[in-house]
Amino acid sequence: MAPGTRTKLLVLGALGLVLLLVPLLLPSAFHLRVAALVWINAVAALGLALLMGLAGQVSLGHAGFMGIGAYATALGPKHLGLDPLLSMGAGILLAGALAFLVGRPILRLKGHYLAVATLGLGILVHLVLVSEVPTTGGPDGIQVPRLELFGIRLVGPELWYWITGITLLLAAWLALNLEDSSTGRALRALHDSEIAASVVGVDVARAKLVVFVIAAVYAALAGGLFALFNRFVTPDVAGFLRSIELVTMVVIGGMGSILGAVVGAALLTVLPQALTLFHDYEHAVLGLSIILFMVFLRQGIVPGLAALVTRRRPA
Amino acid sequence: MPPPEPLLEVRGLRCGYGRIEAVKGVDLEVREGEIAALVGANGAGKTTLLRAISGVLPIRAGSIRFAGEPIEGLRPHERVAHGIVQVPEGRQLFAPLSVEDNLRLGAFRRGRERTEANLARVFALFPQLAERRDVPAGALSGGQQQMCAIGRALMAGPRLLLLDEPSMGLAPTLVEQILATVARLRGEGVTVLLVEQNAVAALSLADRGWVLETGRIAHAGSGRALLDDPAVKAAYLGL
Amino acid sequence: MNRRRLIFGAATASFLLPVAVVAAEPIKIGSFLSVTGPASFLGDPEKRTLELYVEKINAAGGVLGRKIELVIYDDGGDANNARTFATRLVESDKVVAVVGGTTTATTMAAIPVLEDAQIPFISLAGGIEIVEPVKPFTFKTPHTDRMACEKIFEDVKKRGFTKVGMISSTAGFGASMRNQCLKVAPERGIQIVADERYAPGDTDTTPQLNKIKASGAEVIVNADFGQGPAIVTRNVRQLGLDLPLYQSHGVASKSFIDLAGPAAEGVRLPAAAMLVAEQLPDDDPQKKVVLDYKTTYESTQKQPVSTFGGHAYDGLMLLVRAIEKAGSTDGVKIRDALRATKGFVGTGGVVNMSPTDHMGLDLSAFRMLEIRNGNWKLLY
Amino acid sequence: MSLLEARGIGIAFGGLRALDGVGFAVDPGEVLAIIGPNGAGKTTLFNVVTGLYRAQSGEVRLEGRDVTGLPPHVLAARGLARTFQNLQIFFRMSALENVMVGRHLKERRRLWAELLGLPSVLAENRASRARALELLAFVGLAERAEEPASALPYGALKRLEIARALACEPKVLMLDEPAAGCNPVETEEIDRLILAIARKGTAVVLVEHDMKLVMRISDRVLVLDQGRPLAEGTPQQVRSDPRVIEAYLGRLGLEAAHAAA
Amino acid sequence: MVELVQLLFAGLTTGAVYALVALGFTLIFQASEVVNFAQGEFVMLGGMVTVFAMKAGLPLPLAALLAVLVAVATGLLLHRLAIEPAKGATVVTLIIVTIGASILIRGLAQIVFDKQFHALPAFTGDEPIRLLGAAILPQSLWVLGGAAAIVLGLWLFMERTLLGKAVRATAANRLAAELVGIDTRVVLALAFAVSAAIGAVGGILVTPITLTSYAVGTLLALKGFAAAMLGGIGNPVGAVVGGLLLGLLESFAAGWISSTYKDGVAFLVILLVLFALPQGLLGRRAVERV
């Protein structure tokens, strides 16, 4: 068995196990709901992990794509009478198309310039969602119709736990496959040296565009799932703070690690719920935790812990 | 009369990066007024050793004494104040700053009056730098950059000059010129510890030399003796 | 046999009653508020008020002989958080009712969750869509933004003007009130000649005001809460615009006057009676309630009272009253009792609810105030 | 018609003429060395020919076709590969994967298949892997294949870059200071490697400071000085050219050049 | 004409604050490659500490001084407790650290101070000055003058003093700086301290116009970052130009195009500028060396 395949099975196995265990250990509907949010955020973070961890391209506006997916899902049924699922598909296409259109000029930028350009893109999306009140409902948000499949209403946290969990599993499987492919290697290569990648024949601009579109599609998928699950969306899903949150998930979990994106998403989704214990000190503790994590596990939780474990192991 | 105490004395030095230990227990000493040369293959730990002596890399074990005092606890800028000055590999100039600013920053730890005198001395040593004193250092040619880097180190008034690969990437004529300068510095009373890729040139200049092999000293002796050592010749000098 | 047992049971129960009071489970009331974030100046006094009055109620023996346990979460102004916390209140904390929802967005996000769970929910936000159309378990205490528009336009007409220049924030309350004003204006014979916006956090609105100036507006109406209105107010005076300026009930706290400084002179706004508690005529039914609340709040919290805390007070009191009336913590029974509320005197006005009106306030609950000499002046 | 031909290349950076009317040509199996003092424009010439810089004048022809100004990845597809003076290694990847990236052009890519991990993709991976292992063995790194590139010593990285370039199966291989920073023993290995590559019919163009290496392996030598061609000819011709000695070789270099003879 | 002048001054005033934040970004970035997203919090501290110190009875100058000291202390602590321990981490990791720091500072501010908005009295009165028919606030002139003074002072420091050159040297090459005897830790601490001071002064100057609260930092950090990138990061002149330009863009977009989409117009222009000039307006266009 190739080493790539082994890692793949290990990661998917671990994810699957967690997926099975959570409902046994935390059976309350609220817990399942938070867990479903974790899976949704993890899907978005996964896409961003491909963009940031694999290809080394930062995006500070990724929530914009999440917003497109979420709002398409909400607005399609309302204004066009479309089926919510169909609308979600359209939203994903739309996000992918937007990423494809703006990807080339934006991805020519490097480092912090790329960061500010993607930031601007995210802000523009957010601004449209906030301002076009007659269409989007503006800052107060908009209700999303219930999803019905073959006449069955898809409601209840358990059901959504499984829908989102299995989506995540699929998303992770695709991401792992990509990592261990010609395109994946090209992306990892251009992360280290775009010049060297280009002289061995990698069309760097195209490769970056591909991963940018994939990341956008992941985010839009997450946004759509969120809309259907939450049944209410506000422009906050596309906001700057959400983008920062997504980046933090990826970094704190460990850039370039598929599992890391999931762990990061879990941490940043669950932590605010746990920190409600601290009342007024909630934000201070959140900020402090982020600093501590980044200082002591600077490669991120998953790679950081992996390094700890291997170091402990006698040589 | 016992031999004078060495200017630099390194004992059992270990250091490295991350999980890799690049220097695995090195002993060496350099006496006042000498040129000492450290040669060896790439990755043997030469640069690592110099970085440990100048303090930019923390050591893991061993001791470093300078002029009789332990200095391993000192930070790099404190070692500069003691007179240990390194010319790093690849010159490492302050590219956007002018040549003169680079040189003046070399004297960051010293008084103003001596700075002016030193500046004149460096310009005398490298007249090309004087001509281009207002040019950003990054715009200099490779050879001039090396001169600027050495000049900057001299501005600090070093007792021990650590030279890391001064000939790297330079055309042969320039290498000669740089090495001639090193010989001249010894005449002015500066002690030099030289790390060189160009082993033949370095050893023919050196009073004392070591061959470093994967973090350990494999051969030691006077420069001449090492050049004549058949084992060294075969393995390291390609002769 | 059955009957005897019942009587026996009842006797035992009455005998054990004092013990039961001590041992009884507390009544859990939930809340999610925007204590931090852009609406924190609303959420913060709301939180303080709820905590203050729950403590007072408990000290006085609680409700139905049981203590109230308050569970508050801070949604930071994020509607998605609000929804998650609403679920948490329902699923995890198992509260019997919810008083909260600082903004319209957070309220709207939580409504489906609480409606599904049949938990009575008294919102503290202004948006009219909260109670229109009526949802079975959702109520609200503050006046709606539409009422503010109506009250303002009424006053504008009274002064003989018709051309209004609107300036509003693009976020939350400002955006929603702007929509209401645009809708109400034609009905009231008002012409909106300019409709300018600014983003939350903007620190300068002179470009927008310049456009209003050029539009031929006779009065300026500013829909927003927070620091925006103070900046608009200052900018209006700085530009030397000599037009009457209206603010909304969103600025109804003393801090607005502090922030706007001398520029606030002459600004009019519709607001609840509380701001002018002392100026109310003695026969005003609200006088006692608002004075009580004001003194209690200001003496314990060491900060000036705002109408926002008052909304929380009204919500809590409405709920407590309903629970007592229902004699139960059953959601449907509390809801029915809430709907039957008549003549409840709160800080926001006299509340008369019905199955078709889950707010129970009319325009009379709004007073028209003007800022004079750095203080509120009751006009009518 | 030569395999690769550059003619009249000129380029300036901010008014400074880095290259002015430089050209060269190589044929299959030939080794051409470009030498000259630092700043003579050798690396710049490489960067122009491989498409990293756009020249202001001149043209580059590959197999007779004009390829001037084409981007690097297109040139790579046409058969041009190179290494770098300052290593450009993919440090996050293993040695093996570094070389596998070099197979990029030989791999078929269909995004859907890759995402779904179809058997065809796995087969492709296996093929690339096998070829990369062969190349690593060729440069003497077979037993370090699975190590992260960041753990390899300098000399090994130099060879790794060559293996990666070879993975493209280039017609022309351009090596920028392949022996810089290598000790004499490593230099000799590289020396043998280059000759082996040329023997297989690949044209090799190299920039190098090590005169011994240059003199030993080159068929022809081009000397640049300050962006202009100074001399061109066989190693013997060049090292006895007084202008070259004056401008470049000096005493030590001359000694080395003769020591190699 | 009146409108033009009005918009111009409105834009310049806002832009001057953006410029100061961008300058703070640049200073820390130059010295440490860290993009400090907590930069906006220094502005917040400047305003909030002054407000609360004045409430406690201090006169404005003393309150302002105290505010600068508090901000500087915060900056030094940030460097010592968060940036220094994370030394060697990747750029993105360091960004996340500073974002964490910004959440922490804001979280503490809401406890230490409160969650309300606050104002400061204008330094020299509220009576607008008439210029070509437009009304200019005296405080605007304070902001513009203060910003100009800071920029000039910083320029003199960086160009004319050995310590300033040491900062530039550390920015250019940290290893070399250590090897010539510059204590780079001190230089970095200095960069954080100066950045914090600049931010705080900006906050004090602008609070009489814009009001302040514990949460104003986030937006300023965002705009300041955008301004720094617009100008070309690592270039102090670029930071100032970028800041002023962003302020003007917003002002003119609000006045002439659409107040709803004024931020959109600003970011759209930033995007277009970057598409044309990928290193910002005044950024170094380095030829990639290979």
# chains A, B, ... in the order shown; residues from 1 in each chain; ligands from 1
call {"tool": "interface_residues", "arguments": {"of": "chain A", "to": "chain C", "cutoff": "6 Å", "atoms": "only C-alpha atoms", "output": "list in words"}}
result
Phe30, Pro139, Asp140 and Phe232 of chain A
call {"tool": "select_by_dssp", "arguments": {"residues": "region 63-186 of chain B", "states": "strand (DSSP E or B)", "output": "PDB file with C-alpha atoms, in the first residue's frame"}}
result
ATOM      1  CA  SER B  63      31.706  26.290  26.703  1.00  0.00           C
ATOM      2  CA  ILE B  64      33.045  29.250  24.780  1.00  0.00           C
ATOM      3  CA  ARG B  65      35.678  31.455  26.428  1.00  0.00           C
ATOM      4  CA  PHE B  66      36.865  34.695  24.941  1.00  0.00           C
ATOM      5  CA  GLU B  69      35.956  34.964  30.088  1.00  0.00           C
ATOM      6  CA  PRO B  70      33.030  32.624  29.507  1.00  0.00           C
ATOM      7  CA  ILE B  84      33.716  39.202  18.394  1.00  0.00           C
ATOM      8  CA  VAL B  85      32.421  40.283  15.003  1.00  0.00           C
ATOM      9  CA  GLN B  86      31.145  38.020  12.271  1.00  0.00           C
ATOM     10  CA  VAL B  87      31.017  38.645   8.548  1.00  0.00           C
ATOM     11  CA  SER B  98      23.719  53.448   1.784  1.00  0.00           C
ATOM     12  CA  PRO B 136      22.468  51.679  -1.575  1.00  0.00           C
ATOM     13  CA  LEU B 160      38.306  38.416  16.577  1.00  0.00           C
ATOM     14  CA  LEU B 161      36.919  38.536  13.072  1.00  0.00           C
ATOM     15  CA  LEU B 162      34.774  35.579  12.027  1.00  0.00           C
ATOM     16  CA  LEU B 163      34.726  35.337   8.246  1.00  0.00           C
ATOM     17  CA  ASP B 164      32.140  32.999   6.756  1.00  0.00           C
TER      18      ASP B 164
END
call {"tool": "interface_residues", "arguments": {"of": "chain B", "to": "chain E", "cutoff": "6 Å", "atoms": "only C-alpha atoms", "output": "PyMOL selection string"}}
result
chain B and resi 76-77+80+92+94+106
call {"tool": "write_last_selection", "arguments": {"atoms": "C-alpha atoms", "output": "compact mmCIF listing (two decimals), in the first residue's frame"}}
result
# COMPACT_ATOMS: atom_id res chain seq x y z
CA PRO B 76 25.03 38.53 20.04
CA HIS B 77 25.18 42.27 20.54
CA VAL B 80 30.08 42.33 19.49
CA GLN B 92 23.98 40.13 4.48
CA PHE B 94 21.48 46.27 4.76
CA GLY B 106 28.95 48.52 12.03
call {"tool": "select_by_dssp", "arguments": {"residues": "region 55-230 of chain D", "states": "helix (DSSP H, G or I)", "output": "ChimeraX atom specification"}}
result
/D:72-78,95-102,104-106,111-116,119-138,142-144,149-151,154-167,184-199,211-217
call {"tool": "residues_around", "arguments": {"residues": "Ile190 (chain D)", "least_positions_apart": "4", "cutoff": "7 Å", "atoms": "only C-alpha atoms", "output": "list in words"}}
result
Ala179, Glu186 and Ile194 of chain D
call {"tool": "interface_residues", "arguments": {"of": "chain A", "to": "chain D", "cutoff": "7 Å", "atoms": "only C-alpha atoms", "output": "list in words"}}
result
Leu174, Ala175, Asn177, Leu178, Ser181, Ser182, Arg185, Ala186, Ala189, Asp192, Ser193, Ala196, Ser198, Val199, Val200, Gly201, Val202 and Asp203 of chain A
call {"tool": "write_last_selection", "arguments": {"atoms": "N, CA and C atoms", "output": "short mmCIF file (atom, residue, chain, number, x, y, z; two decimals), in the first residue's frame"}}
result
data_model
loop_
_atom_site.label_atom_id
_atom_site.label_comp_id
_atom_site.auth_asym_id
_atom_site.auth_seq_id
_atom_site.Cartn_x
_atom_site.Cartn_y
_atom_site.Cartn_z
N LEU A 174 -12.40 13.71 -0.90
CA LEU A 174 -12.00 14.38 -2.14
C LEU A 174 -10.71 15.16 -1.93
N ALA A 175 -10.62 15.85 -0.79
CA ALA A 175 -9.44 16.67 -0.53
C ALA A 175 -8.20 15.79 -0.41
N ASN A 177 -7.75 12.88 -1.76
CA ASN A 177 -7.42 12.39 -3.09
C ASN A 177 -6.65 13.44 -3.87
N LEU A 178 -7.12 14.67 -3.77
CA LEU A 178 -6.48 15.75 -4.52
C LEU A 178 -5.03 15.91 -4.07
N SER A 181 -2.25 13.65 -5.78
CA SER A 181 -2.41 13.53 -7.23
C SER A 181 -1.45 14.49 -7.89
N SER A 182 -1.39 14.42 -9.18
CA SER A 182 -0.49 15.30 -9.92
C SER A 182 -0.77 16.76 -9.59
N ARG A 185 0.36 17.59 -6.06
CA ARG A 185 1.81 17.78 -5.95
C ARG A 185 2.23 19.11 -6.55
N ALA A 186 1.61 19.46 -7.67
CA ALA A 186 1.94 20.75 -8.30
C ALA A 186 1.63 21.90 -7.34
N ALA A 189 4.11 22.04 -4.61
CA ALA A 189 5.37 22.51 -5.15
C ALA A 189 5.38 24.03 -5.28
N ASP A 192 6.16 26.10 -2.28
CA ASP A 192 7.56 26.31 -1.90
C ASP A 192 8.28 27.20 -2.89
N SER A 193 8.07 26.99 -4.17
CA SER A 193 8.76 27.80 -5.17
C SER A 193 7.94 27.82 -6.45
N ALA A 196 10.36 27.36 -9.48
CA ALA A 196 10.79 26.00 -9.75
C ALA A 196 9.63 25.18 -10.30
N SER A 198 7.20 26.26 -12.08
CA SER A 198 6.90 26.63 -13.46
C SER A 198 7.95 26.07 -14.42
N VAL A 199 9.20 25.98 -14.00
CA VAL A 199 10.18 25.48 -14.95
C VAL A 199 10.12 23.96 -15.11
N VAL A 200 9.40 23.26 -14.22
CA VAL A 200 9.18 21.85 -14.52
C VAL A 200 7.84 21.66 -15.22
N GLY A 201 7.22 22.76 -15.61
CA GLY A 201 6.06 22.63 -16.48
C GLY A 201 4.72 22.87 -15.81
N VAL A 202 4.72 23.28 -14.54
CA VAL A 202 3.45 23.54 -13.88
C VAL A 202 2.94 24.90 -14.33
N ASP A 203 1.72 24.93 -14.83
CA ASP A 203 1.09 26.21 -15.17
C ASP A 203 0.60 26.79 -13.84
#
